[in-house]
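What follows is protein_18.cif (mmCIF, C-alpha atoms and all ligand atoms).
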data_structure
loop_
_atom_site.group_PDB
_atom_site.id
_atom_site.type_symbol
_atom_site.label_atom_id
_atom_site.label_comp_id
_atom_site.auth_asym_id
_atom_site.auth_seq_id
_atom_site.Cartn_x
_atom_site.Cartn_y
_atom_site.Cartn_z
ATOM 1 C CA MET A 1 2.584 2.662 7.176
ATOM 2 C CA TYR A 2 -0.697 1.049 6.134
ATOM 3 C CA ASN A 3 -1.062 -2.138 8.243
ATOM 4 C CA LEU A 4 -1.286 -4.050 4.968
ATOM 5 C CA LEU A 5 -0.047 -7.289 6.535
ATOM 6 C CA LYS A 6 -1.622 -6.961 9.967
ATOM 7 C CA GLY A 7 -2.122 -10.424 11.483
ATOM 8 C CA LYS A 8 -0.367 -12.199 8.610
ATOM 9 C CA LYS A 9 2.285 -14.883 9.103
ATOM 10 C CA GLY A 10 5.137 -15.487 6.707
ATOM 11 C CA ILE A 11 8.415 -17.174 5.826
ATOM 12 C CA ILE A 12 11.180 -15.129 4.189
ATOM 13 C CA PHE A 13 14.045 -16.911 2.412
ATOM 14 C CA GLY A 14 17.295 -15.257 1.329
ATOM 15 C CA ALA A 15 18.238 -12.343 3.601
ATOM 16 C CA LEU A 16 22.045 -12.539 3.663
ATOM 17 C CA ASN A 17 22.984 -8.961 4.558
ATOM 18 C CA GLU A 18 21.398 -5.537 4.495
ATOM 19 C CA ASP A 19 21.845 -5.249 0.714
ATOM 20 C CA SER A 20 19.664 -8.325 0.135
ATOM 21 C CA ILE A 21 16.251 -7.704 -1.395
ATOM 22 C CA ALA A 22 14.819 -10.184 1.146
ATOM 23 C CA TRP A 23 16.234 -8.026 3.970
ATOM 24 C CA LYS A 24 14.225 -5.036 2.733
ATOM 25 C CA VAL A 25 11.116 -7.185 2.351
ATOM 26 C CA ALA A 26 11.490 -8.351 5.968
ATOM 27 C CA GLU A 27 11.828 -4.772 7.210
ATOM 28 C CA ARG A 28 8.758 -3.661 5.238
ATOM 29 C CA ALA A 29 6.715 -6.723 6.275
ATOM 30 C CA HIS A 30 7.511 -5.944 9.904
ATOM 31 C CA GLU A 31 6.460 -2.316 9.434
ATOM 32 C CA GLU A 32 3.187 -3.492 7.882
ATOM 33 C CA GLY A 33 2.328 -5.633 10.915
ATOM 34 C CA ALA A 34 3.341 -9.152 9.818
ATOM 35 C CA ILE A 35 5.088 -11.788 11.902
ATOM 36 C CA PHE A 36 7.454 -14.177 10.149
ATOM 37 C CA THR A 37 10.419 -16.509 10.348
ATOM 38 C CA LEU A 38 13.658 -15.861 8.476
ATOM 39 C CA THR A 39 15.673 -18.594 6.824
ATOM 40 C CA ASN A 40 18.862 -19.085 4.883
ATOM 41 C CA ALA A 41 21.391 -21.825 4.137
ATOM 42 C CA PRO A 42 23.530 -22.745 7.184
ATOM 43 C CA ILE A 43 26.700 -21.366 5.558
ATOM 44 C CA ALA A 44 24.985 -18.048 4.751
ATOM 45 C CA LEU A 45 23.891 -17.771 8.377
ATOM 46 C CA ARG A 46 27.534 -17.970 9.397
ATOM 47 C CA MET A 47 28.768 -15.511 6.759
ATOM 48 C CA GLY A 48 25.941 -12.978 6.783
ATOM 49 C CA THR A 49 24.335 -10.712 9.359
ATOM 50 C CA ILE A 50 20.803 -12.147 9.523
ATOM 51 C CA ASN A 51 20.702 -12.117 13.340
ATOM 52 C CA GLU A 52 20.677 -8.304 13.293
ATOM 53 C CA LEU A 53 17.595 -8.404 11.080
ATOM 54 C CA ALA A 54 15.954 -11.008 13.311
ATOM 55 C CA LYS A 55 16.458 -8.791 16.347
ATOM 56 C CA LYS A 56 15.070 -5.760 14.562
ATOM 57 C CA THR A 57 11.953 -7.538 13.303
ATOM 58 C CA GLY A 58 11.294 -9.930 16.208
ATOM 59 C CA ALA A 59 11.755 -12.909 13.889
ATOM 60 C CA THR A 60 13.191 -16.360 14.623
ATOM 61 C CA VAL A 61 15.930 -17.610 12.294
ATOM 62 C CA ILE A 62 15.596 -21.218 11.128
ATOM 63 C CA PRO A 63 18.484 -22.642 9.059
ATOM 64 C CA ALA A 64 17.471 -24.479 5.883
ATOM 65 C CA ASP A 65 19.280 -25.443 2.716
ATOM 66 C CA ALA A 66 16.516 -24.783 0.182
ATOM 67 C CA THR A 67 17.556 -27.860 -1.837
ATOM 68 C CA SER A 68 16.890 -30.217 1.094
ATOM 69 C CA MET A 69 13.344 -31.552 1.519
ATOM 70 C CA ASP A 70 14.162 -32.454 5.148
ATOM 71 C CA ASP A 71 15.324 -28.915 5.916
ATOM 72 C CA ILE A 72 12.280 -27.371 4.213
ATOM 73 C CA THR A 73 9.908 -29.696 6.068
ATOM 74 C CA ASN A 74 11.513 -28.807 9.381
ATOM 75 C CA LEU A 75 11.391 -25.097 8.504
ATOM 76 C CA ILE A 76 7.692 -25.149 7.685
ATOM 77 C CA ASP A 77 6.755 -27.255 10.742
ATOM 78 C CA GLN A 78 8.757 -25.005 13.044
ATOM 79 C CA SER A 79 7.435 -21.823 11.441
ATOM 80 C CA MET A 80 3.806 -22.882 11.978
ATOM 81 C CA GLU A 81 4.588 -23.732 15.584
ATOM 82 C CA ILE A 82 6.420 -20.468 16.314
ATOM 83 C CA LEU A 83 3.932 -18.263 14.443
ATOM 84 C CA GLY A 84 0.919 -20.109 15.863
ATOM 85 C CA GLY A 85 -0.832 -21.292 12.716
ATOM 86 C CA LYS A 86 -0.791 -21.579 8.952
ATOM 87 C CA ILE A 87 1.271 -19.349 6.675
ATOM 88 C CA ASP A 88 -0.080 -16.384 4.654
ATOM 89 C CA PHE A 89 2.973 -15.400 2.620
ATOM 90 C CA VAL A 90 6.301 -16.825 1.463
ATOM 91 C CA LEU A 91 9.191 -15.055 -0.268
ATOM 92 C CA HIS A 92 11.671 -17.136 -2.289
ATOM 93 C CA SER A 93 14.658 -14.829 -2.785
ATOM 94 C CA ILE A 94 17.336 -17.356 -3.673
ATOM 95 C CA GLY A 95 19.728 -17.558 -6.566
ATOM 96 C CA MET A 96 23.169 -19.013 -7.191
ATOM 97 C CA SER A 97 25.113 -20.263 -10.198
ATOM 98 C CA VAL A 98 28.215 -22.306 -9.438
ATOM 99 C CA ASN A 99 29.338 -21.832 -13.051
ATOM 100 C CA VAL A 100 29.270 -18.032 -12.569
ATOM 101 C CA ARG A 101 31.118 -18.329 -9.274
ATOM 102 C CA LYS A 102 33.820 -20.519 -10.779
ATOM 103 C CA GLY A 103 34.162 -18.427 -13.942
ATOM 104 C CA LYS A 104 32.885 -21.098 -16.332
ATOM 105 C CA HIS A 105 31.676 -19.743 -19.674
ATOM 106 C CA TYR A 106 28.086 -20.425 -20.793
ATOM 107 C CA THR A 107 29.333 -22.351 -23.835
ATOM 108 C CA ASP A 108 31.430 -24.759 -21.762
ATOM 109 C CA PRO A 109 30.007 -25.197 -18.275
ATOM 110 C CA ASN A 110 30.660 -27.887 -15.738
ATOM 111 C CA TYR A 111 27.345 -29.763 -15.843
ATOM 112 C CA ASP A 112 27.534 -30.772 -12.193
ATOM 113 C CA PHE A 113 27.673 -27.040 -11.429
ATOM 114 C CA THR A 114 24.755 -26.489 -13.823
ATOM 115 C CA THR A 115 22.690 -29.079 -11.938
ATOM 116 C CA LYS A 116 23.557 -27.594 -8.554
ATOM 117 C CA GLY A 117 22.661 -24.118 -9.850
ATOM 118 C CA TRP A 118 19.201 -25.043 -11.099
ATOM 119 C CA ASP A 119 18.505 -27.038 -7.942
ATOM 120 C CA ILE A 120 19.278 -23.979 -5.774
ATOM 121 C CA SER A 121 17.794 -21.304 -8.039
ATOM 122 C CA ALA A 122 14.702 -22.999 -9.478
ATOM 123 C CA VAL A 123 13.858 -26.498 -8.195
ATOM 124 C CA SER A 124 14.093 -25.243 -4.601
ATOM 125 C CA PHE A 125 10.964 -23.192 -5.381
ATOM 126 C CA HIS A 126 9.151 -26.387 -6.397
ATOM 127 C CA LYS A 127 10.364 -28.141 -3.248
ATOM 128 C CA VAL A 128 9.157 -25.310 -0.983
ATOM 129 C CA MET A 129 5.732 -25.289 -2.635
ATOM 130 C CA ASN A 130 5.575 -29.095 -2.532
ATOM 131 C CA VAL A 131 5.911 -29.078 1.274
ATOM 132 C CA LEU A 132 3.548 -26.102 1.727
ATOM 133 C CA TYR A 133 0.918 -27.671 -0.563
ATOM 134 C CA ASN A 134 1.062 -31.227 0.746
ATOM 135 C CA LYS A 135 1.068 -30.175 4.393
ATOM 136 C CA LYS A 136 -1.798 -27.737 3.648
ATOM 137 C CA ALA A 137 0.419 -25.196 5.413
ATOM 138 C CA MET A 138 -0.935 -22.091 3.623
ATOM 139 C CA ASN A 139 -4.072 -20.170 4.537
ATOM 140 C CA GLU A 140 -6.614 -19.507 1.763
ATOM 141 C CA TRP A 141 -5.787 -16.334 -0.169
ATOM 142 C CA GLY A 142 -2.147 -16.730 0.818
ATOM 143 C CA SER A 143 0.587 -15.503 -1.517
ATOM 144 C CA VAL A 144 3.882 -17.009 -2.685
ATOM 145 C CA VAL A 145 6.424 -14.805 -4.498
ATOM 146 C CA ALA A 146 9.800 -15.601 -6.067
ATOM 147 C CA LEU A 147 12.274 -13.094 -7.471
ATOM 148 C CA THR A 148 13.499 -13.389 -11.025
ATOM 149 C CA TYR A 149 15.266 -11.495 -13.810
ATOM 150 C CA MET A 150 14.445 -10.649 -17.430
ATOM 151 C CA ALA A 151 17.311 -12.806 -18.729
ATOM 152 C CA ALA A 152 14.627 -15.525 -18.635
ATOM 153 C CA GLN A 153 13.119 -13.903 -21.775
ATOM 154 C CA ARG A 154 15.950 -11.924 -23.415
ATOM 155 C CA VAL A 155 19.663 -12.500 -23.961
ATOM 156 C CA PHE A 156 22.086 -11.076 -21.380
ATOM 157 C CA PRO A 157 25.317 -12.951 -22.202
ATOM 158 C CA ASP A 158 27.070 -12.524 -18.849
ATOM 159 C CA TYR A 159 24.062 -13.751 -16.883
ATOM 160 C CA ASN A 160 25.247 -17.209 -17.948
ATOM 161 C CA ASP A 161 23.173 -20.224 -16.855
ATOM 162 C CA MET A 162 21.200 -18.090 -14.392
ATOM 163 C CA ALA A 163 19.105 -17.119 -17.452
ATOM 164 C CA ASP A 164 18.052 -20.752 -17.863
ATOM 165 C CA ASN A 165 17.517 -21.121 -14.107
ATOM 166 C CA LYS A 166 15.195 -18.105 -14.097
ATOM 167 C CA ALA A 167 13.202 -19.433 -17.075
ATOM 168 C CA TYR A 168 12.780 -22.681 -15.123
ATOM 169 C CA LEU A 169 11.782 -20.784 -11.959
ATOM 170 C CA GLU A 170 9.131 -18.747 -13.796
ATOM 171 C CA SER A 171 7.674 -21.885 -15.360
ATOM 172 C CA ILE A 172 7.444 -23.567 -11.943
ATOM 173 C CA ALA A 173 5.544 -20.524 -10.637
ATOM 174 C CA ARG A 174 2.914 -20.970 -13.359
ATOM 175 C CA SER A 175 2.683 -24.762 -13.200
ATOM 176 C CA PHE A 176 2.578 -25.088 -9.409
ATOM 177 C CA GLY A 177 0.507 -21.926 -9.140
ATOM 178 C CA TYR A 178 -2.280 -23.615 -11.088
ATOM 179 C CA PHE A 179 -2.634 -26.435 -8.538
ATOM 180 C CA PHE A 180 -2.126 -24.120 -5.559
ATOM 181 C CA GLY A 181 -4.824 -21.760 -6.845
ATOM 182 C CA ARG A 182 -7.287 -24.474 -7.822
ATOM 183 C CA ASP A 183 -6.947 -26.517 -4.637
ATOM 184 C CA HIS A 184 -6.022 -24.052 -1.879
ATOM 185 C CA LYS A 185 -6.787 -20.564 -3.251
ATOM 186 C CA VAL A 186 -3.134 -19.605 -2.924
ATOM 187 C CA ARG A 187 -1.576 -17.276 -5.501
ATOM 188 C CA VAL A 188 1.913 -17.701 -6.948
ATOM 189 C CA ASN A 189 3.815 -15.024 -8.860
ATOM 190 C CA THR A 190 7.334 -14.014 -9.807
ATOM 191 C CA ILE A 191 8.644 -10.448 -9.706
ATOM 192 C CA SER A 192 11.164 -9.641 -12.418
ATOM 193 C CA GLN A 193 13.338 -7.030 -10.774
ATOM 194 C CA SER A 194 15.775 -4.443 -12.204
ATOM 195 C CA PRO A 195 19.487 -5.148 -11.705
ATOM 196 C CA THR A 196 20.192 -4.306 -8.060
ATOM 197 C CA MET A 197 23.515 -3.976 -6.237
ATOM 198 C CA THR A 198 23.495 -7.003 -3.884
ATOM 199 C CA THR A 199 25.877 -9.888 -3.207
ATOM 200 C CA ALA A 200 24.181 -12.094 -5.849
ATOM 201 C CA GLY A 201 23.890 -9.201 -8.330
ATOM 202 C CA SER A 202 27.507 -8.142 -8.119
ATOM 203 C CA GLY A 203 28.573 -11.715 -8.979
ATOM 204 C CA VAL A 204 27.532 -10.990 -12.585
ATOM 205 C CA LYS A 205 30.469 -9.889 -14.789
ATOM 206 C CA GLY A 206 30.408 -6.178 -15.708
ATOM 207 C CA PHE A 207 27.538 -5.532 -13.304
ATOM 208 C CA ASP A 208 28.186 -1.774 -13.023
ATOM 209 C CA ALA A 209 27.847 -1.273 -16.766
ATOM 210 C CA PHE A 210 24.785 -3.473 -16.722
ATOM 211 C CA ILE A 211 23.087 -1.353 -14.044
ATOM 212 C CA ASN A 212 23.982 1.929 -15.767
ATOM 213 C CA TYR A 213 22.666 0.712 -19.110
ATOM 214 C CA ALA A 214 19.342 -0.385 -17.572
ATOM 215 C CA GLU A 215 19.100 2.952 -15.750
ATOM 216 C CA GLU A 216 19.473 4.878 -19.012
ATOM 217 C CA MET A 217 17.031 2.665 -20.892
ATOM 218 C CA SER A 218 14.227 2.786 -18.303
ATOM 219 C CA PRO A 219 11.856 5.774 -18.401
ATOM 220 C CA LEU A 220 11.481 5.608 -14.615
ATOM 221 C CA GLY A 221 15.052 4.470 -13.926
ATOM 222 C CA ASN A 222 15.989 1.205 -12.199
ATOM 223 C CA ALA A 223 13.811 -0.075 -9.364
ATOM 224 C CA SER A 224 15.687 -0.200 -6.050
ATOM 225 C CA ALA A 225 15.665 -3.028 -3.512
ATOM 226 C CA ILE A 226 13.350 -1.065 -1.225
ATOM 227 C CA GLU A 227 10.953 -0.402 -4.099
ATOM 228 C CA CYS A 228 11.013 -4.123 -4.850
ATOM 229 C CA ALA A 229 10.132 -4.736 -1.200
ATOM 230 C CA ASP A 230 7.162 -2.364 -1.485
ATOM 231 C CA TYR A 231 5.903 -4.179 -4.562
ATOM 232 C CA THR A 232 6.343 -7.547 -2.845
ATOM 233 C CA ILE A 233 4.324 -6.328 0.155
ATOM 234 C CA SER A 234 1.482 -5.363 -2.194
ATOM 235 C CA LEU A 235 1.485 -8.930 -3.545
ATOM 236 C CA PHE A 236 1.364 -10.347 -0.009
ATOM 237 C CA SER A 237 -1.526 -8.037 0.919
ATOM 238 C CA ASP A 238 -5.250 -8.603 0.385
ATOM 239 C CA LEU A 239 -5.239 -5.904 -2.315
ATOM 240 C CA THR A 240 -3.968 -8.353 -4.981
ATOM 241 C CA LYS A 241 -6.034 -11.487 -4.270
ATOM 242 C CA LYS A 242 -6.744 -12.408 -7.890
ATOM 243 C CA VAL A 243 -3.247 -11.871 -9.268
ATOM 244 C CA THR A 244 -1.686 -15.249 -9.927
ATOM 245 C CA LEU A 245 0.487 -17.205 -12.424
ATOM 246 C CA GLN A 246 2.106 -13.916 -13.459
ATOM 247 C CA ASN A 247 5.647 -12.838 -14.121
ATOM 248 C CA LEU A 248 5.448 -9.188 -13.060
ATOM 249 C CA PHE A 249 8.081 -6.769 -14.341
ATOM 250 C CA HIS A 250 9.306 -4.337 -11.712
ATOM 251 C CA ASP A 251 11.928 -2.529 -13.716
ATOM 252 C CA GLY A 252 11.014 1.108 -14.383
ATOM 253 C CA GLY A 253 9.724 0.145 -17.849
ATOM 254 C CA PHE A 254 12.966 -1.454 -19.113
ATOM 255 C CA SER A 255 11.328 -4.650 -20.387
ATOM 256 C CA ASN A 256 9.178 -2.835 -22.967
ATOM 257 C CA MET A 257 11.867 -0.492 -24.268
ATOM 258 C CA GLY A 258 13.618 -0.710 -27.630
ATOM 259 C CA ILE A 259 15.911 2.288 -27.370
ATOM 260 C CA SER A 260 15.952 5.480 -25.282
ATOM 261 C CA THR A 261 17.248 8.926 -26.251
ATOM 262 C CA LYS A 262 19.847 8.711 -23.463
ATOM 263 C CA VAL A 263 21.289 5.492 -24.865
ATOM 264 C CA MET A 264 21.072 6.766 -28.478
ATOM 265 C CA ARG A 265 23.317 9.689 -27.567
ATOM 266 C CA ASN A 266 26.186 7.227 -27.144
ATOM 267 C CA PHE A 267 25.923 6.343 -30.835
ATOM 268 C CA GLY A 268 25.879 9.804 -32.425
ATOM 269 C CA ASP A 269 23.974 13.062 -32.559
ATOM 270 C CA THR A 270 20.237 12.497 -32.104
ATOM 271 C CA GLU A 271 19.126 16.115 -32.681
HETATM 272 N N1 LIG B 1 20.424 -8.301 -7.569
HETATM 273 C C1 LIG B 1 19.872 -8.295 -8.765
HETATM 274 O O1 LIG B 1 20.313 -7.599 -9.697
HETATM 275 C C2 LIG B 1 18.641 -9.116 -9.009
HETATM 276 C C3 LIG B 1 17.799 -8.799 -10.102
HETATM 277 C C4 LIG B 1 16.679 -9.590 -10.347
HETATM 278 C C5 LIG B 1 16.416 -10.692 -9.513
HETATM 279 N N2 LIG B 1 17.254 -10.979 -8.472
HETATM 280 C C6 LIG B 1 16.952 -12.144 -7.632
HETATM 281 O O2 LIG B 1 16.653 -11.736 -6.326
HETATM 282 C C7 LIG B 1 16.884 -12.841 -5.450
HETATM 283 C C8 LIG B 1 17.672 -12.358 -4.241
HETATM 284 O O3 LIG B 1 18.976 -11.987 -4.605
HETATM 285 P P1 LIG B 1 19.697 -10.690 -4.047
HETATM 286 O O4 LIG B 1 20.036 -9.865 -5.226
HETATM 287 O O5 LIG B 1 18.948 -10.098 -2.928
HETATM 288 O O6 LIG B 1 21.103 -11.264 -3.549
HETATM 289 P P2 LIG B 1 21.586 -12.001 -2.186
HETATM 290 O O7 LIG B 1 22.914 -12.563 -2.495
HETATM 291 O O8 LIG B 1 21.472 -11.074 -1.047
HETATM 292 O O9 LIG B 1 20.508 -13.180 -2.017
HETATM 293 C C9 LIG B 1 20.655 -14.482 -2.566
HETATM 294 C C10 LIG B 1 20.335 -15.440 -1.432
HETATM 295 O O10 LIG B 1 20.275 -16.811 -1.868
HETATM 296 C C11 LIG B 1 20.682 -17.570 -0.726
HETATM 297 N N3 LIG B 1 21.001 -18.951 -1.049
HETATM 298 C C12 LIG B 1 21.986 -19.406 -1.891
HETATM 299 N N4 LIG B 1 22.005 -20.753 -1.850
HETATM 300 C C13 LIG B 1 21.018 -21.154 -1.003
HETATM 301 C C14 LIG B 1 20.548 -22.424 -0.558
HETATM 302 N N5 LIG B 1 21.091 -23.575 -0.991
HETATM 303 N N6 LIG B 1 19.526 -22.459 0.333
HETATM 304 C C15 LIG B 1 18.953 -21.316 0.787
HETATM 305 N N7 LIG B 1 19.347 -20.088 0.403
HETATM 306 C C16 LIG B 1 20.375 -20.016 -0.479
HETATM 307 C C17 LIG B 1 21.919 -16.793 -0.277
HETATM 308 O O11 LIG B 1 22.385 -17.187 0.998
HETATM 309 C C18 LIG B 1 21.401 -15.371 -0.313
HETATM 310 O O12 LIG B 1 20.785 -15.021 0.914
HETATM 311 C C19 LIG B 1 17.586 -13.902 -6.288
HETATM 312 O O13 LIG B 1 16.636 -14.847 -6.754
HETATM 313 C C20 LIG B 1 18.127 -13.093 -7.441
HETATM 314 O O14 LIG B 1 18.389 -13.867 -8.597
HETATM 315 C C21 LIG B 1 18.340 -10.196 -8.202
#
Can you give me the file's structure in the form of C-alpha cells?
Amino acid sequence: MYNLLKGKKGIIFGALNEDSIAWKVAERAHEEGAIFTLTNAPIALRMGTINELAKKTGATVIPADATSMDDITNLIDQSMEILGGKIDFVLHSIGMSVNVRKGKHYTDPNYDFTTKGWDISAVSFHKVMNVLYNKKAMNEWGSVVALTYMAAQRVFPDYNDMADNKAYLESIARSFGYFFGRDHKVRVNTISQSPTMTTAGSGVKGFDAFINYAEEMSPLGNASAIECADYTISLFSDLTKKVTLQNLFHDGGFSNMGISTKVMRNFGDTE
C-alpha cells in the first residue's frame, strides 16, 4: 500500500455488509493509514454486520439516521472527539427508494415515499455538509465524496425515482461544493459508479440483465466495488486537491459509449 491517507481522519457512511461499496472503502482507507468512524442508520446496524468491519479497521461505530440533523450533529461531534481533531474525508454512500422497495411504478408513486426517498438519498448529503460546514469540522484540503449513478443523466426505466434522487444529489454536490471550496478549501465530488452487486443494487428490477448489459457495453468492463474504493481513496488523498464540483464517471467507459460490437452481435451478424 502507499500510505495515501496517513494521518487522515474520516467518517464513512453506509457500510451495511461486506458487499457494500462503503465497506470496501473502509478497508482500503484503513490499509492506507487513515483512522475513521463508521456510521449507519440504527436499523441497518441491527440487520447488517458493521461490527465485524469496525473490529477489523479499529473504527468506532456511531449510529445516525442520515435524515436527522440531531443524529448528524452528534455523529460529527463524537467523531471529532474520538479521532482527536477535525475531519479530512467523508464518504456518503447512502441510497434508498421506498417506491422501489414497495414496488410502486415510476408513473404512479406514493409521494410520501418519494419524499422519504429523496430525503435519504439526496437531502441527507446537504444535511451532512451543513453540519460539517457550520461547525467548521473539516480540515483545509479535506474531501467529501458521495456515490451516484448515471441514471441521473440518462434513462434507465427500472431505476425509478432513484434517478431523480441522484440528479438532486449531484446538484447538491456542485452547489454546496462551491461554498465549501470558497470558504474552507474543502472539495466535494460525486463518483458515478458502474452497477455493482450490493444490497441496494440488487433492489433494482432486472439487475442481473442490467449488469451484464453494462459489462458488454464498457470497453474496460464494469468497475467493481473494490475498484470504486480505490478511486475513492485517490479522491481522499492529497493527489487530487484541485478536483472539485465534479461528477466523475467510474464505469469502464460505459457513459461515453453508443454501441459496442459485443452488444451489436445480439441484433444480427456484424461481420
Ligand atoms: N450498487 C450499485 O449498482 C450502485 C451503482 C452506483 C451507485 N451506487 C450508490 O452507492 C451507494 C452505496 O450503495 P451500495 O450499492 O453499496 O449498497 P448498500 O445497500 O450496501 O448501501 C446503502 C446504504 O444506505 C444506508 N442507508 C439507508 N437509509 C439510511 C439512512 N436513513 N441513514 C443512514 N444510512 C442509510 C443503508 O443502511 C446502506 O448501508 C448508494 O448511494 C448507491 O445508490 C450503487
Radius query 8 Å about (1.0, -12.5, 9.3), atoms used: only C-alpha atoms, as number ranges by chain: A: 5-10, 33-36, 87-89
Given all atoms listed in the file as the counted atoms, nearest of A:Leu220, A:Val155, A:Met129, A:Met47 to ligand LIG 1 (chain B): A:Met47
Pairwise distance for CA of Met69 in chain A and CA of Val25 in chain A, rounded to one decimal in Å: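 Taking CA of Met69 in chain A as the start and CA of Val25 in chain A as the end point, the length is 24.5 Å.
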CA of Asn189 in chain A to CA of Gln246 in chain A, distance in Å rounded to a single decimal: 5.0 Å
Given 6 Å and all atoms listed in the file, residues near ligand LIG 1 (chain B) as a PyMOL selection string: chain A and resi 14-16+20-22+40-41+44+65-67+93-96+120+147-149+192-201
Selected residues written out with C-alpha atoms, as a compact mmCIF listing (two decimals), keeping the file's coordinate frame:
# COMPACT_ATOMS: atom_id res chain seq x y z
CA GLY A 14 17.30 -15.26 1.33
CA ALA A 15 18.24 -12.34 3.60
CA LEU A 16 22.04 -12.54 3.66
CA SER A 20 19.66 -8.32 0.14
CA ILE A 21 16.25 -7.70 -1.40
CA ALA A 22 14.82 -10.18 1.15
CA ASN A 40 18.86 -19.08 4.88
CA ALA A 41 21.39 -21.82 4.14
CA ALA A 44 24.98 -18.05 4.75
CA ASP A 65 19.28 -25.44 2.72
CA ALA A 66 16.52 -24.78 0.18
CA THR A 67 17.56 -27.86 -1.84
CA SER A 93 14.66 -14.83 -2.78
CA ILE A 94 17.34 -17.36 -3.67
CA GLY A 95 19.73 -17.56 -6.57
CA MET A 96 23.17 -19.01 -7.19
CA ILE A 120 19.28 -23.98 -5.77
CA LEU A 147 12.27 -13.09 -7.47
CA THR A 148 13.50 -13.39 -11.02
CA TYR A 149 15.27 -11.50 -13.81
CA SER A 192 11.16 -9.64 -12.42
CA GLN A 193 13.34 -7.03 -10.77
CA SER A 194 15.78 -4.44 -12.20
CA PRO A 195 19.49 -5.15 -11.70
CA THR A 196 20.19 -4.31 -8.06
CA MET A 197 23.52 -3.98 -6.24
CA THR A 198 23.50 -7.00 -3.88
CA THR A 199 25.88 -9.89 -3.21
CA ALA A 200 24.18 -12.09 -5.85
CA GLY A 201 23.89 -9.20 -8.33
Gap from CA of Arg28 in chain A to CA of Asn165 in chain A - Å, one decimal: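 Answer for the CA of Arg28 in chain A to CA of Asn165 in chain A separation: 27.5 Å.
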Protein, DNA and RNA residues within 8 Å of (10.1, -4.6, -0.4), only C-alpha atoms, as a PyMOL selection string: chain A and resi 21-22+24-29+225-233
Hits of the PyMOL selection byres (((chain A and resi 186) around 12) and not hetatm) in this structure, as a VMD selection string: chain A and resid 87 to 90 129 132 to 133 136 to 145 173 176 to 185 187 to 189 235 to 236 238 240 to 245
Can you spell out as an mmCIF file with C-alpha atoms, keeping the file's coordinate frame the set of residues that the PyMOL selection byres (((chain A and resi 115) around 12) and not hetatm) selects in the structure I just provided?
data_model
loop_
_atom_site.group_PDB
_atom_site.id
_atom_site.type_symbol
_atom_site.label_atom_id
_atom_site.label_comp_id
_atom_site.auth_asym_id
_atom_site.auth_seq_id
_atom_site.Cartn_x
_atom_site.Cartn_y
_atom_site.Cartn_z
ATOM 1 C CA THR A 67 17.556 -27.860 -1.837
ATOM 2 C CA MET A 96 23.169 -19.013 -7.191
ATOM 3 C CA SER A 97 25.113 -20.263 -10.198
ATOM 4 C CA VAL A 98 28.215 -22.306 -9.438
ATOM 5 C CA ASN A 99 29.338 -21.832 -13.051
ATOM 6 C CA PRO A 109 30.007 -25.197 -18.275
ATOM 7 C CA ASN A 110 30.660 -27.887 -15.738
ATOM 8 C CA TYR A 111 27.345 -29.763 -15.843
ATOM 9 C CA ASP A 112 27.534 -30.772 -12.193
ATOM 10 C CA PHE A 113 27.673 -27.040 -11.429
ATOM 11 C CA THR A 114 24.755 -26.489 -13.823
ATOM 12 C CA LYS A 116 23.557 -27.594 -8.554
ATOM 13 C CA GLY A 117 22.661 -24.118 -9.850
ATOM 14 C CA TRP A 118 19.201 -25.043 -11.099
ATOM 15 C CA ASP A 119 18.505 -27.038 -7.942
ATOM 16 C CA ILE A 120 19.278 -23.979 -5.774
ATOM 17 C CA SER A 121 17.794 -21.304 -8.039
ATOM 18 C CA ALA A 122 14.702 -22.999 -9.478
ATOM 19 C CA VAL A 123 13.858 -26.498 -8.195
ATOM 20 C CA SER A 124 14.093 -25.243 -4.601
ATOM 21 C CA ASP A 161 23.173 -20.224 -16.855
ATOM 22 C CA MET A 162 21.200 -18.090 -14.392
ATOM 23 C CA ASP A 164 18.052 -20.752 -17.863
ATOM 24 C CA ASN A 165 17.517 -21.121 -14.107
#
Output of the PyMOL selection byres (((chain A and resi 151) around 8) and not hetatm), listed as number ranges by chain: A: 149-150, 152-156, 159, 162-163, 166-167
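The residue that comes closest to Val263 in chain A, out of A:Glu215, A:Leu248, A:Asn134, A:Gln78 and on the basis of only C-alpha atoms, is A:Glu215.
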Minimum-distance residue to Asp108 in chain A, chosen among A:Pro219, A:Asp77, A:Asn160, A:Lys127 (using only C-alpha atoms): A:Asn160
Can you list, as a short mmCIF file (atom, residue, chain, number, x, y, z; two decimals) with C-alpha atoms, keeping the file's coordinate frame, every protein, DNA or RNA residue that comes within 12 Å of Lys55 in chain A when you count all atoms listed in the file, leaving out same-chain residues fewer than 6 positions away?
data_model
loop_
_atom_site.label_atom_id
_atom_site.label_comp_id
_atom_site.auth_asym_id
_atom_site.auth_seq_id
_atom_site.Cartn_x
_atom_site.Cartn_y
_atom_site.Cartn_z
CA ALA A 26 11.49 -8.35 5.97
CA GLU A 27 11.83 -4.77 7.21
CA HIS A 30 7.51 -5.94 9.90
CA THR A 37 10.42 -16.51 10.35
CA LEU A 38 13.66 -15.86 8.48
CA THR A 49 24.34 -10.71 9.36
CA VAL A 61 15.93 -17.61 12.29
#
The centre and edge lengths of an axis-aligned box containing all atoms of range 90-100 of chain A present in the file, extended by 3 Å on each side, are to be given in Å to one decimal, as JSON.
{"center_x": 17.8, "center_y": -18.6, "center_z": -5.8, "size_x": 29.0, "size_y": 13.5, "size_z": 20.5}
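The closest residue to Ser224 in chain A, picked from A:Asn266, A:Gly252, A:Lys135, A:Glu170 and counting all atoms listed in the file, is A:Gly252.
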Minimum-distance residue to Ile12 in chain A, chosen among A:Met80, A:Leu239, A:His92, A:Ile43 (using only C-alpha atoms): A:His92
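Compared by their closest atoms to Phe125 in chain A, and using only C-alpha atoms, the residues A:Arg174, A:Lys205, A:Arg265, A:Arg101 rank with A:Arg174 nearest.
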